[in-house]
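Quick look at input_8.cif (mmCIF, C-alpha atoms):
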data_input
loop_
_atom_site.label_atom_id
_atom_site.label_comp_id
_atom_site.auth_asym_id
_atom_site.auth_seq_id
_atom_site.Cartn_x
_atom_site.Cartn_y
_atom_site.Cartn_z
CA MET H 860 0.00 0.00 0.00
CA GLY H 861 1.54 3.30 -1.10
CA GLU H 862 2.01 6.40 1.00
CA ALA H 863 -0.07 9.46 0.13
CA LYS H 864 1.52 12.88 -0.15
CA THR H 865 0.06 16.34 -0.43
CA THR H 866 1.09 18.92 -3.00
CA THR H 867 -0.17 22.45 -2.44
CA LYS H 868 -0.14 25.26 -4.98
CA TYR H 869 -1.79 28.66 -4.88
CA TYR H 870 -3.63 30.32 -7.77
CA ASN H 871 -4.80 33.78 -6.75
CA LEU H 872 -7.98 35.22 -8.22
CA PRO H 873 -7.40 38.57 -9.98
CA GLN H 874 -9.14 41.43 -8.19
CA GLU H 875 -11.45 42.20 -11.10
CA LEU H 876 -12.99 38.73 -10.93
CA LEU H 877 -14.24 39.32 -7.38
CA SER H 878 -16.94 41.74 -8.47
CA GLY H 879 -17.95 40.66 -11.99
CA PRO H 880 -20.18 37.77 -13.08
CA ALA H 881 -19.44 34.47 -11.35
CA ASP H 882 -18.48 32.93 -14.71
CA GLY H 883 -15.16 34.78 -14.52
CA ALA H 884 -14.30 33.26 -11.14
CA PHE H 885 -15.24 29.76 -12.29
CA ASP H 886 -13.23 30.17 -15.50
CA HIS H 887 -10.23 30.94 -13.29
CA ILE H 888 -10.90 27.86 -11.15
CA ALA H 889 -11.06 25.64 -14.23
CA ASP H 890 -7.86 27.21 -15.60
CA SER H 891 -6.14 26.58 -12.27
CA ILE H 892 -7.18 22.91 -12.22
CA GLU H 893 -5.76 22.50 -15.72
CA LYS H 894 -2.50 24.21 -14.73
CA PHE H 895 -2.14 21.99 -11.68
CA ILE H 896 -2.71 18.83 -13.73
CA LYS H 897 -0.06 19.87 -16.25
CA GLU H 898 2.45 21.11 -13.68
CA GLU H 899 2.20 17.80 -11.80
CA ASN H 900 2.39 15.76 -15.02
CA MET H 901 -0.78 13.88 -14.11
CA THR H 902 -2.08 11.31 -16.57
CA SER H 903 -5.15 9.10 -16.52
CA ASP H 904 -7.36 7.31 -19.00
CA LYS H 905 -10.26 7.45 -16.57
CA ALA H 906 -11.81 10.48 -14.92
CA ILE H 907 -10.00 11.43 -11.73
CA ALA H 908 -12.12 12.26 -8.68
CA LEU H 909 -12.18 15.93 -7.71
CA GLY H 910 -13.29 17.31 -4.35
CA PHE H 911 -14.43 20.93 -4.58
CA THR H 912 -13.89 23.06 -1.49
CA PHE H 913 -16.24 26.02 -1.76
CA SER H 914 -16.17 28.11 1.41
CA PHE H 915 -19.33 30.16 1.13
CA PRO H 916 -22.66 29.79 2.95
CA SER H 917 -24.74 27.22 1.13
CA VAL H 918 -27.63 24.83 1.59
CA GLN H 919 -26.18 21.34 1.21
CA LYS H 920 -28.49 19.08 -0.81
CA SER H 921 -26.21 16.07 -1.10
CA LEU H 922 -22.53 15.20 -0.95
CA LYS H 923 -22.06 16.81 -4.35
CA HIS H 924 -24.81 19.38 -4.73
CA SER H 925 -25.63 22.55 -2.81
CA VAL H 926 -27.13 25.99 -3.36
CA LEU H 927 -25.05 29.12 -2.76
CA ILE H 928 -26.76 31.53 -0.37
CA THR H 929 -24.48 34.55 -0.60
CA TRP H 930 -20.94 35.67 -1.30
CA THR H 931 -18.82 36.85 1.63
CA LYS H 932 -15.58 38.70 2.43
CA SER H 933 -14.00 40.26 -0.70
CA PHE H 934 -16.40 38.56 -3.14
CA LYS H 935 -19.13 40.70 -4.65
CA CYS H 936 -19.90 38.71 -7.82
CA THR H 937 -23.09 39.83 -9.53
CA THR H 938 -24.30 36.26 -10.10
CA GLY H 939 -24.04 32.97 -8.22
CA PRO H 940 -26.43 33.05 -5.23
CA GLY H 941 -29.26 30.57 -5.79
CA GLU H 942 -27.10 28.41 -8.06
CA ASP H 943 -25.22 25.14 -7.54
CA PRO H 944 -21.41 25.68 -7.36
CA VAL H 945 -20.61 22.21 -8.69
CA THR H 946 -23.03 22.64 -11.60
CA MET H 947 -21.39 25.99 -12.41
CA LEU H 948 -17.91 24.42 -12.33
CA GLU H 949 -18.97 21.47 -14.49
CA ALA H 950 -20.63 23.84 -16.98
CA THR H 951 -17.44 25.90 -17.15
CA ILE H 952 -15.29 22.82 -17.81
CA LYS H 953 -17.73 21.64 -20.48
CA ARG H 954 -17.81 25.08 -22.12
CA ARG H 955 -14.04 25.05 -22.56
CA GLY H 956 -14.13 21.57 -24.12
CA GLY H 957 -13.00 19.69 -21.04
CA LEU H 958 -9.59 19.56 -19.38
CA CYS H 959 -6.40 17.85 -20.49
CA ILE H 960 -7.55 14.77 -18.57
CA PRO H 961 -11.16 14.08 -17.54
CA VAL H 962 -12.26 14.95 -14.00
CA ASP H 963 -15.33 13.91 -12.03
CA VAL H 964 -16.47 16.35 -9.34
CA VAL H 965 -17.60 13.92 -6.63
CA ALA H 966 -18.02 16.14 -3.57
CA ARG H 967 -18.54 19.74 -2.54
CA ILE H 968 -17.46 20.56 1.01
CA SER H 969 -16.48 23.60 3.02
CA ASP H 970 -12.91 24.10 4.20
CA THR H 971 -14.19 23.71 7.76
CA THR H 972 -15.66 20.29 7.08
CA GLY H 973 -12.51 19.28 5.22
CA THR H 974 -10.38 20.29 8.20
CA LEU H 975 -12.50 18.19 10.56
CA MET H 976 -12.34 15.16 8.27
CA ALA H 977 -8.58 15.49 7.81
CA GLY H 978 -8.15 15.94 11.55
CA ASN H 979 -10.22 12.86 12.33
CA TYR H 980 -8.08 10.84 9.93
CA LEU H 981 -5.05 11.75 12.07
CA ASP H 982 -6.76 11.66 15.47
CA ARG H 983 -10.03 9.82 16.10
CA ASN H 984 -10.81 12.24 18.94
CA CYS H 985 -11.07 15.14 16.49
CA ARG H 986 -14.66 16.32 16.79
CA ILE H 987 -14.36 19.99 15.81
CA GLY H 988 -13.02 21.61 12.66
CA LEU H 989 -12.09 25.29 12.90
CA ILE H 990 -11.02 27.79 10.26
CA ILE H 991 -9.33 31.05 11.25
CA GLY H 992 -8.40 32.53 7.90
CA SER H 993 -9.69 35.48 5.91
CA GLY H 994 -13.00 34.63 7.56
CA SER H 995 -13.93 32.03 10.16
CA ASN H 996 -16.17 29.03 10.54
CA ALA H 997 -16.50 25.87 12.60
CA CYS H 998 -18.15 22.48 12.32
CA PHE H 999 -18.59 19.65 14.78
CA VAL H 1000 -19.72 16.05 15.06
CA GLU H 1001 -23.32 15.87 16.26
CA GLN H 1002 -25.57 12.99 17.19
CA ALA H 1003 -28.15 12.70 14.40
CA LYS H 1004 -30.95 12.31 16.95
CA ASN H 1005 -30.23 15.83 18.21
CA PHE H 1006 -30.44 17.43 14.76
CA ASN H 1007 -34.02 18.19 13.75
CA LYS H 1008 -33.36 19.55 10.26
CA LEU H 1009 -33.03 16.12 8.68
CA GLU H 1010 -35.88 14.06 7.29
CA ALA H 1011 -36.16 10.53 8.65
CA ALA H 1012 -34.94 9.09 5.33
CA GLU H 1013 -31.81 11.25 5.51
CA LYS H 1014 -30.71 9.91 8.89
CA THR H 1015 -28.56 7.13 7.51
CA SER H 1016 -25.93 7.44 10.25
CA ASP H 1017 -25.96 7.96 14.01
CA GLN H 1018 -23.63 10.94 13.60
CA ILE H 1019 -23.53 13.88 11.23
CA LEU H 1020 -21.24 16.86 10.63
CA VAL H 1021 -22.88 20.21 11.38
CA ASN H 1022 -21.45 23.25 9.62
CA CYS H 1023 -22.09 26.14 12.02
CA GLU H 1024 -21.45 29.00 9.56
CA TRP H 1025 -20.59 30.94 12.69
CA GLY H 1026 -19.05 33.76 10.71
CA ALA H 1027 -22.58 35.19 10.59
CA PHE H 1028 -23.18 34.82 14.34
CA GLY H 1029 -24.33 38.17 15.69
CA ASP H 1030 -26.04 39.38 12.53
CA ASN H 1031 -29.25 39.59 14.56
CA GLY H 1032 -27.67 42.13 16.89
CA CYS H 1033 -26.95 39.80 19.83
CA LEU H 1034 -23.25 40.82 19.83
CA ASN H 1035 -23.81 44.55 19.62
CA PHE H 1036 -23.25 44.95 23.36
CA PHE H 1037 -19.49 44.52 23.03
CA LYS H 1038 -18.83 45.98 19.59
CA THR H 1039 -16.41 48.89 19.73
CA GLU H 1040 -16.47 52.05 17.66
CA PHE H 1041 -13.81 50.43 15.47
CA ASP H 1042 -15.96 47.34 14.84
CA LYS H 1043 -18.87 49.56 13.87
CA GLU H 1044 -16.80 51.69 11.49
CA LEU H 1045 -15.25 48.62 9.86
CA ASP H 1046 -18.69 47.08 9.30
CA LEU H 1047 -20.10 50.31 7.89
CA ASN H 1048 -17.36 50.41 5.24
CA SER H 1049 -17.31 46.67 4.47
CA ASN H 1050 -18.54 44.87 1.36
CA HIS H 1051 -21.39 43.27 3.32
CA VAL H 1052 -22.76 45.71 5.90
CA ASN H 1053 -24.53 44.16 8.92
CA SER H 1054 -23.45 40.70 7.79
CA TYR H 1055 -20.84 38.21 9.03
CA THR H 1056 -20.54 40.07 12.31
CA PHE H 1057 -18.59 37.37 14.14
CA GLU H 1058 -15.77 36.87 11.65
CA LYS H 1059 -15.32 40.63 11.31
CA LEU H 1060 -14.07 40.63 14.90
CA PHE H 1061 -10.92 38.63 14.09
CA GLY H 1062 -10.89 37.28 10.51
CA GLY H 1063 -7.82 37.94 8.40
CA PHE H 1064 -9.79 40.04 5.95
CA TYR H 1065 -10.60 42.44 8.81
CA LEU H 1066 -8.00 42.18 11.60
CA GLY H 1067 -5.51 44.53 9.98
CA GLU H 1068 -8.18 47.13 9.25
CA LEU H 1069 -9.28 47.08 12.90
CA VAL H 1070 -5.71 47.84 13.94
CA ARG H 1071 -5.46 50.62 11.35
CA LEU H 1072 -8.61 52.28 12.67
CA VAL H 1073 -7.17 52.22 16.19
CA LEU H 1074 -3.90 53.77 15.00
CA VAL H 1075 -5.74 56.45 13.02
CA LYS H 1076 -7.69 57.52 16.11
CA LEU H 1077 -4.56 57.62 18.28
CA THR H 1078 -2.76 59.69 15.65
CA ARG H 1079 -5.60 62.17 15.29
CA GLU H 1080 -5.71 62.57 19.06
CA GLY H 1081 -2.00 63.39 19.09
CA LEU H 1082 -1.05 60.25 21.01
CA LEU H 1083 0.89 58.62 18.17
CA PHE H 1084 3.47 59.84 15.65
CA LYS H 1085 3.24 63.33 17.25
CA GLY H 1086 -0.12 63.69 15.57
CA GLN H 1087 1.45 63.66 12.09
CA GLU H 1088 -0.88 61.81 9.74
CA SER H 1089 0.52 59.64 6.97
CA PRO H 1090 -1.60 59.64 3.79
CA LYS H 1091 -0.96 55.91 3.44
CA LEU H 1092 -2.14 55.13 6.98
CA MET H 1093 -5.30 57.15 6.41
CA CYS H 1094 -6.20 54.98 3.39
CA LYS H 1095 -8.63 52.11 3.99
CA GLY H 1096 -6.97 48.72 3.64
CA SER H 1097 -3.43 50.08 3.90
CA TRP H 1098 -2.70 47.99 7.01
CA PRO H 1099 -3.32 44.35 5.99
CA THR H 1100 -3.33 41.56 8.53
CA SER H 1101 0.11 40.54 7.31
CA TYR H 1102 1.39 43.75 8.94
CA VAL H 1103 -0.17 42.64 12.22
CA THR H 1104 1.65 39.31 12.05
CA GLU H 1105 4.91 41.12 11.23
CA VAL H 1106 4.56 43.40 14.24
CA GLU H 1107 3.64 40.45 16.46
CA SER H 1108 6.81 38.70 15.28
CA ASP H 1109 8.93 41.11 17.32
CA CYS H 1110 10.03 39.54 20.60
CA PRO H 1111 9.70 41.67 23.76
CA GLY H 1112 12.13 44.57 23.53
CA GLU H 1113 12.61 44.15 19.76
CA MET H 1114 11.45 46.71 17.20
CA SER H 1115 12.85 45.67 13.81
CA HIS H 1116 9.71 44.13 12.31
CA THR H 1117 7.49 46.93 13.60
CA ARG H 1118 9.84 49.61 12.33
CA GLY H 1119 9.93 47.92 8.93
CA VAL H 1120 6.12 47.96 8.69
CA LEU H 1121 5.95 51.64 9.67
CA GLN H 1122 8.55 52.54 7.05
CA LYS H 1123 6.31 51.02 4.37
CA LEU H 1124 3.69 53.59 5.37
CA ASP H 1125 6.17 56.50 5.46
CA LEU H 1126 5.85 56.78 9.23
CA ALA H 1127 8.80 58.04 11.24
CA ALA H 1128 8.43 56.43 14.65
CA GLU H 1129 10.16 56.85 17.97
CA ALA H 1130 10.45 54.10 20.55
CA ASP H 1131 7.23 55.15 22.29
CA ASP H 1132 5.34 55.07 18.97
CA ILE H 1133 6.62 51.57 18.23
CA ALA H 1134 5.57 50.37 21.68
CA ILE H 1135 2.05 51.74 21.15
CA VAL H 1136 1.75 50.12 17.72
CA GLN H 1137 2.90 46.80 19.18
CA GLU H 1138 0.37 47.14 21.99
CA ALA H 1139 -2.46 47.86 19.54
CA CYS H 1140 -1.61 44.83 17.39
CA ALA H 1141 -1.33 42.62 20.47
CA LEU H 1142 -4.63 43.75 22.02
CA VAL H 1143 -6.67 43.44 18.82
CA SER H 1144 -5.16 40.01 18.13
CA GLN H 1145 -5.63 38.86 21.71
CA ARG H 1146 -9.24 39.97 21.77
CA GLY H 1147 -9.90 38.01 18.58
CA ALA H 1148 -8.24 34.88 19.94
CA TYR H 1149 -10.23 35.09 23.16
CA ILE H 1150 -13.48 35.38 21.21
CA VAL H 1151 -12.62 32.29 19.15
CA SER H 1152 -11.71 30.30 22.26
CA ALA H 1153 -14.94 31.28 23.97
CA ALA H 1154 -16.92 30.01 20.99
CA CYS H 1155 -14.89 26.77 20.94
CA ALA H 1156 -15.68 26.24 24.62
CA VAL H 1157 -19.39 26.38 23.81
CA LEU H 1158 -18.95 23.62 21.22
CA LEU H 1159 -16.85 21.56 23.64
CA ASN H 1160 -19.57 21.77 26.27
CA HIS H 1161 -22.21 20.81 23.73
CA ILE H 1162 -20.25 17.77 22.54
CA ASP H 1163 -19.71 16.79 26.18
CA LEU H 1164 -16.92 14.23 25.80
CA LEU H 1165 -13.93 13.77 28.09
CA GLU H 1166 -11.39 14.11 25.27
CA VAL H 1167 -11.85 16.29 22.20
CA THR H 1168 -9.32 17.36 19.60
CA ILE H 1169 -9.88 20.51 17.53
CA GLY H 1170 -8.47 20.53 14.01
CA ILE H 1171 -7.51 24.09 13.06
CA ASP H 1172 -6.45 25.61 9.75
CA GLY H 1173 -6.48 29.01 8.11
CA SER H 1174 -4.03 31.78 7.29
CA VAL H 1175 -4.40 33.77 10.51
CA TYR H 1176 -3.90 30.73 12.73
CA GLU H 1177 -1.05 29.47 10.58
CA HIS H 1178 0.90 32.69 10.14
CA HIS H 1179 0.14 34.79 13.23
CA PRO H 1180 3.00 33.89 15.59
CA ARG H 1181 0.98 34.40 18.80
CA PHE H 1182 -2.61 33.56 17.94
CA HIS H 1183 -2.47 30.02 19.27
CA GLY H 1184 -0.86 31.23 22.48
CA TYR H 1185 -3.52 33.89 22.94
CA MET H 1186 -6.24 31.27 22.44
CA MET H 1187 -4.78 29.04 25.12
CA GLU H 1188 -4.51 31.94 27.58
CA LEU H 1189 -8.28 31.74 27.98
CA ARG H 1190 -7.84 28.64 30.11
CA ASP H 1191 -7.02 30.97 32.99
CA LEU H 1192 -10.00 33.31 32.54
CA THR H 1193 -12.33 31.46 34.89
CA VAL H 1194 -14.48 34.54 35.46
CA MET H 1195 -15.22 34.90 31.75
CA MET H 1196 -15.57 31.25 30.88
CA GLY H 1197 -16.72 29.54 34.08
CA ASN H 1198 -14.71 26.74 35.67
CA ASN H 1199 -16.31 23.89 33.74
CA GLN H 1200 -15.71 25.42 30.31
CA THR H 1201 -12.17 26.45 31.18
CA GLU H 1202 -11.33 22.89 32.21
CA ARG H 1203 -12.73 21.60 28.93
CA LEU H 1204 -10.63 24.01 26.90
CA ASP H 1205 -7.59 23.05 28.97
CA SER H 1206 -8.11 19.35 28.26
CA CYS H 1207 -8.63 19.57 24.52
CA ASP H 1208 -5.88 18.94 22.00
CA VAL H 1209 -5.25 21.01 18.91
CA LEU H 1210 -4.16 19.72 15.51
CA GLN H 1211 -2.07 22.43 13.89
CA PRO H 1212 -1.19 22.71 10.17
CA ASP H 1213 2.27 21.51 9.17
#
Let me see the structure of the file written as structure tokens.
Amino acid sequence: MGEAKTTTKYYNLPQELLSGPADGAFDHIADSIEKFIKEENMTSDKAIALGFTFSFPSVQKSLKHSVLITWTKSFKCTTGPGEDPVTMLEATIKRRGGLCIPVDVVARISDTTGTLMAGNYLDRNCRIGLIIGSGSNACFVEQAKNFNKLEAAEKTSDQILVNCEWGAFGDNGCLNFFKTEFDKELDLNSNHVNSYTFEKLFGGFYLGELVRLVLVKLTREGLLFKGQESPKLMCKGSWPTSYVTEVESDCPGEMSHTRGVLQKLDLAAEADDIAIVQEACALVSQRGAYIVSAACAVLLNHIDLLEVTIGIDGSVYEHHPRFHGYMMELRDLTVMMGNNQTERLDSCDVLQPD
């Protein structure tokens, strides 16, 4: 029996495809599949099975078919909602006359579900899949008897995977009590106002902008950079989350990464300015990590098993040097979490990406 290996390649969508008809995005996906096949010198006389990870809110109809509800994050395509992503991909492949070798799209899953399944393959105690990337989502293993959205004929197993789509948690206003002025301003200027409230608190598409808004206020109040505004800093989106991870890469007492980020924005900073910027990045990141851990504790209590492993993936979790550490700090916040939940978070294992 051979040993499986994973080959990962990235094919970024051009910015203009994020707001035009969905056909453009699916053309790019088909092109990328073809490029991957050629670059890996793949050959086959028979159709190769293709799993399609499509990380947008959808109504799952079967393993393969679903209906897209809405685009999120940076996507504002004019078409797509109400349609089947797999059908759109298959139509695109057919329209271009097929690929260099035939493919058979056999499953459509979310990245969250895929993370849980991959985690369970490595550790049978993995019961939660968590994504902390440009957005966020979680899924968990549920007893089918507790899930009332399935028809009797659909309950073919004692357990099912429930995709929480928790990125939209709070859209009904239940989280408004702790939203800051920066959260409110970010939402007001986002692509999807009053939507995906939860992931806007810490997702990679938003974390850097939250920090920028904090720094802008401090500058305008004369508490940072001697009140001297940088045109670049004042521009929306000029402080991506990658800048946050760079700043957080500085060890205590170090300034090199932070100074390098500030130079990109034409900001002349003294030691006090650098310390404030580091503090802002740390506090915004820490708050986000605490929020994620609190939500994980709720799932752990619901699952109610002695041992649970959480499989985690996503760009923020993978690249932010302190996010995992911040998440685990919550074990000590017994006032916020309650003793029982804190003990559960303390006892769970985490599968991290390689």
Q: Name the residues that the PyMOL selection byres ((chain H and resi 1120-1124) around 12) picks from the file above, as a PyMOL selection string, using the file's chain letters and numbers.
A: chain H and resi 1071+1074+1084+1088-1094+1096-1109+1114-1119+1125-1129+1132-1133+1136-1137
Q: Tell me which protein, DNA and RNA residues are within 10 Å of Lys1043 of chain H, counting all atoms listed in the file, leaving out same-chain ones fewer than 6 positions away, and put them as an NGL selection string.
A: :H and (1035 or 1049 or 1052-1053 or 1056 or 1059 or 1069)
(Q) My list of candidates is H:Phe1061, H:Ile991, H:Thr971, H:Pro944. Which is closest to Ser1174 of chain H when distances are computed with only C-alpha atoms? (A) H:Ile991
Q: Could you jot down the atom CA of Gln1145 of chain H to atom CA of Tyr1185 of chain H separation for me, Å, one decimal place?
A: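 Going from atom CA of Gln1145 of chain H over to atom CA of Tyr1185 of chain H, I get 5.5 Å.
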Q. Taking the file as shown, what set of residues would the PyMOL selection byres ((chain H and resi 1025-1032) around 7) give back, as a list in words?
A.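 On this input, the PyMOL selection byres ((chain H and resi 1025-1032) around 7) captures Gly994, Ser995, Asn996, Ala997, Cys1023, Glu1024, Cys1033, Leu1034, Asn1035, Asn1053, Ser1054, Tyr1055, Thr1056, Phe1057 and Glu1058 of chain H.
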Q | One-decimal distance in Å that lies between atom CA of Ile968 of chain H and atom CA of Ser921 of chain H | A | 10.1 Å
